[in-house]
Structures are given as C-alpha cells and as structure tokens.
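Structure first, then comments.
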Amino acid sequence: MKIHKICWQKICGAVLSGILLTLAFPNFNLSFLAWIGLVPLLLILKNSSPRSSFFLGWICGLFYFGGTLYWIIHAVTHYGHMCLWKGMLITFALVAYLSFYIGGFSALFTWLRGSRPLGFPELLLAPLIWTCMEFFRAHFLTGFPWSSLGYSQSFHLTFIQFADITGVYGISFFIVFVNACLAALCDILIVKREVRNPFLSPLAKKPKEGLTWLHIVSALLITFVVIKGYGI
C-alpha cells in the first residue's frame with residue numbers, strides 16, 4: 001500500500017509539472033510558471049531509478065505537449081480533411097513520441113546525478129541535458145522544434161535579448177537552471193525538516209555536504225542580474 005501511495009504521489013508530481021509548463025504557453029500566457037514548472041518533476045526524481053524516472057518524465061511530457069499541441073487535431077481535421085478520431089490518434093501519437101524526450105531527460109538526469117551531494121556540476125546537469133534534448137528534438141527526423149521551453153518567454157523582450165547569441169536554447173537553459181536551483185532549495189528545506197523532526201522520517205540522516213541555500217540564492221541572483229543586464 002505504501003509503495004502504491006508513493007508511486008501515485010510521484011505521478012501527481014509529474015502531472016503537475018506538465019500542467020504548469022502548459023500554462024506558461026499561449027493561450028494561457030502565464031509565462032512565469034515556466035520558471036517553477038519543472039520543480040515538482042525534479043523533486044520526485046530524487047531517489048527514483050532511471051527506469052521509473054523515464055516513466056515519470058514521459059507522463060509529464062504527455063500533459064506538457066498535449067496541452068501545447070492540442071490544436072493539431074483541428075489542423076489535421078479541418079485542413080487535412082481527416083475524421084475526428086484519426087486526427088485525435090495522430091495527435092496523441094505525436095505527443096507520445098515527443099514525451100520520450102522528457103522521459104529521456106529525466107532518466108539521464110537521474111542516472112548521471114546518482115546519489116552524490118548536490119554541487120554546482122549537478123545543478124547544471126538538468127539545464128544541460130534539457131537543452132541537448134530540445135536541440136536533438138529540433139533536428140532529429142527532420143526536427144520538431146515547437147513547444148521549446150524558451151518560447152514561453154516570447155513576450156518578455158528584456159529577458160530574451162541574449163537569444164541573439166544562444167538562440168532559444170539559451171533561454172531554455174536558463175529557465176531550467178532556475179528550476180533546478182528552486183528544486184535544490186526545496187530539497188534542502190525538506191531534508192532539514194526531516195532531520196529536525198525524526199517523527200516525519202525515522203530514517204532521516206544528516207544531509208551530505210554540498211550546496212547551501214546561500215550558494216543557490218546567490219546563483220539565482222547572479223543569473224537574473226546577467227540576463228536583465230544584457231537586456232537593458
């Protein structure tokens with residue numbers, strides 16, 4: 001029962017990330033959610049195996065791409081003159097395929113990070129892997145660059161000026177980096193709470209030496225100063 005409960009909690013976290021990322025795109029235009037949307041997914045990947053991480057990432061991708069590419073159903077039925085069920089089937093197949101990239105990101109992140117204490121190299125893993133996945137997705141099999149995370153900030157001209165150097169991939173990198181920093185902050189708070197209150201987690205151990213909240217907050221401030229400063 002406990003295993004099933006934890007499994008459903010992680011699935012709900014993956015679904016939440018997918019929904020938050022969807023809301024950052026049109027027609028919702030809640031672009032600020034992109035900066036926190038991956039936090040639930042990154043948190044539930046902790047203590048998960050690469051295999052389960054792939055599944056959780058794939059679930060997240062179903063809601064992420066399903067929520068941003070739903071309009072393809074109308075495109076293939078209205079302009080392609082297909083019946084509705086065929087349009088829905090084609091769209092779901094595309095969404096399921098694209099979700100493999102989020103699953104791959106999750107599995108690689110879990111595998112490469114392992115159980116090491118969180119340092120800056122580990123903190124940079126998530127944005128690096130995510131950006132590589134977006135680049136690969138944009139070029140593999142003729143490519144499908146739509147719904148790249150950086151496009152969610154298209155209406156914030158100050159924040160996207162450095163795209164003249166990095167393209168949309170640089171914007172995606174910084175967005176995921178901020179998500180990774182926030183997830184690390186949440187993880188530090190959770191671990192400290194468990195250590196202080198053994199009733200919450202009887203097996204809680206003292207956290208390994210690594211990044212502190214001061215390091216992470218400093219990294220976030222420097223990131224925003226650099227991005228904002230280049231855009232002025």
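Labels used: A, B, ... for chains in the order of the structure tokens, numbers from 1 for residues in each chain, and numbers from 1 for ligands as shown.
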Within 10 Å of Gly37 (chain A) using only C-alpha atoms, minus same-chain residues under 5 positions, as a PDB file with C-alpha atoms, in the first residue's frame:
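Listed below is the output, selection-v3.pdb:
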ATOM      1  CA  ALA A  14       4.851  14.657 -12.920  1.00  0.00           C
ATOM      2  CA  LEU A  16       1.624  18.912 -12.036  1.00  0.00           C
ATOM      3  CA  SER A  17       4.852  19.803 -13.838  1.00  0.00           C
ATOM      4  CA  GLY A  18       3.258  19.077 -17.207  1.00  0.00           C
ATOM      5  CA  ILE A  19       0.268  21.290 -16.404  1.00  0.00           C
ATOM      6  CA  LEU A  20       2.401  24.160 -15.080  1.00  0.00           C
ATOM      7  CA  LEU A  21       4.574  24.117 -18.210  1.00  0.00           C
ATOM      8  CA  THR A  22       1.460  24.091 -20.405  1.00  0.00           C
ATOM      9  CA  LEU A  23       0.039  27.140 -18.637  1.00  0.00           C
ATOM     10  CA  ALA A  24       3.224  29.062 -19.455  1.00  0.00           C
ATOM     11  CA  SER A  31       4.851  32.616 -18.667  1.00  0.00           C
ATOM     12  CA  PHE A  32       6.185  32.970 -15.106  1.00  0.00           C
ATOM     13  CA  LEU A  42      12.912  17.438 -10.362  1.00  0.00           C
ATOM     14  CA  ILE A 175      14.780  28.579 -17.325  1.00  0.00           C
ATOM     15  CA  VAL A 176      15.702  25.008 -16.393  1.00  0.00           C
ATOM     16  CA  ASN A 179      14.014  25.438 -11.846  1.00  0.00           C
TER      17      ASN A 179
END
Near Ser53 (chain A), counting only C-alpha atoms, which residues have an atom at most 6 Å away, once you skip same-chain residues fewer than 6 positions from it, shown as an mmCIF file with C-alpha atoms, in the first residue's frame?
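For reference, around31.cif as written:
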data_model
loop_
_atom_site.group_PDB
_atom_site.id
_atom_site.type_symbol
_atom_site.label_atom_id
_atom_site.label_comp_id
_atom_site.auth_asym_id
_atom_site.auth_seq_id
_atom_site.Cartn_x
_atom_site.Cartn_y
_atom_site.Cartn_z
ATOM 1 C CA LEU A 45 13.177 12.256 -9.476
ATOM 2 C CA SER A 106 14.540 12.518 -16.586
ATOM 3 C CA ALA A 107 16.327 9.189 -16.935
#
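With only C-alpha atoms taken into account, the protein and nucleic acid residues at most 8 Å from region 184-188 of chain A (excluding it and anything under 6 positions from it in its own chain) are Leu43, Leu118, Leu123, Thr212, Trp213 and Ile216 of chain A.
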**Asked** So which bits of region 46-228 of chain A end up helix (DSSP H, G or I) when you DSSP the backbone, as a PyMOL selection string?
**Response** chain A and resi 50-68+72-78+84-113+120-123+125-142+149-153+163-166+168-196+213-228
Give me the residues near Phe140 (chain A) as JSON, numbers by chain, where near means some atom within 12 Å (using only C-alpha atoms) and where sequence neighbours in that chain fewer than 6 positions away do not count. {"A": [98, 101, 132, 133, 134]}
* To do: Excluding Trp130 (chain A) and any residue of its chain fewer than 6 positions from it, enumerate the residues within 8 Å of it, using only C-alpha atoms, and give them as a ChimeraX atom specification.
  => /A:102,105,172-173,176
Only N, CA and C atoms, please: the residues just picked out, written as a PDB file, in the first residue's frame.
ATOM      1  N   ILE A 102      11.213  14.090 -22.850  1.00  0.00           N
ATOM      2  CA  ILE A 102      11.152  14.450 -21.437  1.00  0.00           C
ATOM      3  C   ILE A 102      11.513  13.242 -20.588  1.00  0.00           C
ATOM      4  N   PHE A 105      15.243  12.921 -20.750  1.00  0.00           N
ATOM      5  CA  PHE A 105      15.846  13.925 -19.866  1.00  0.00           C
ATOM      6  C   PHE A 105      15.823  13.450 -18.424  1.00  0.00           C
ATOM      7  N   SER A 172      15.970  28.419 -22.830  1.00  0.00           N
ATOM      8  CA  SER A 172      15.550  27.182 -22.171  1.00  0.00           C
ATOM      9  C   SER A 172      16.548  26.781 -21.096  1.00  0.00           C
ATOM     10  N   PHE A 173      17.832  26.943 -21.383  1.00  0.00           N
ATOM     11  CA  PHE A 173      18.877  26.572 -20.420  1.00  0.00           C
ATOM     12  C   PHE A 173      18.705  27.351 -19.122  1.00  0.00           C
ATOM     13  N   VAL A 176      15.537  26.281 -17.102  1.00  0.00           N
ATOM     14  CA  VAL A 176      15.702  25.008 -16.393  1.00  0.00           C
ATOM     15  C   VAL A 176      16.712  25.164 -15.254  1.00  0.00           C
TER      16      VAL A 176
END
Closest of A:Ile44, A:Val15, A:Val168, A:Leu38 to Gly67 (chain A), counting only C-alpha atoms, is A:Val15
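The spacing separating CA of Leu62 (chain A) from CA of Phe92 (chain A) amounts to 8.6 Å.
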Note to self: Which residue is closest to Thr166 (chain A)? Choose from A:Asn47, A:Thr91, A:Thr131, A:Ser52 and count only C-alpha atoms.
What the structure shows: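 Nearest to Thr166 (chain A): A:Thr131.
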Exercise. Mind giving me the straight-line distance from CA of Leu124 (chain A) to CA of Ala219 (chain A) in Å, one decimal?
Key: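 These atoms are spaced 11.1 Å apart.
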Counting only C-alpha atoms, closest pick from A:Ile36, A:Trp146, A:Trp58, A:Phe224 relative to Ile72 (chain A) is A:Trp146
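Counting from CA of Ala34 (chain A), the distance to CA of Gly143 (chain A) is 22.7 Å.
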Between A:Phe159, A:Tyr169, A:Tyr97, A:Phe54, which residue has the minimum interatomic distance to Thr223 (chain A), considering only C-alpha atoms?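 The closest residue to Thr223 (chain A) is A:Phe159.
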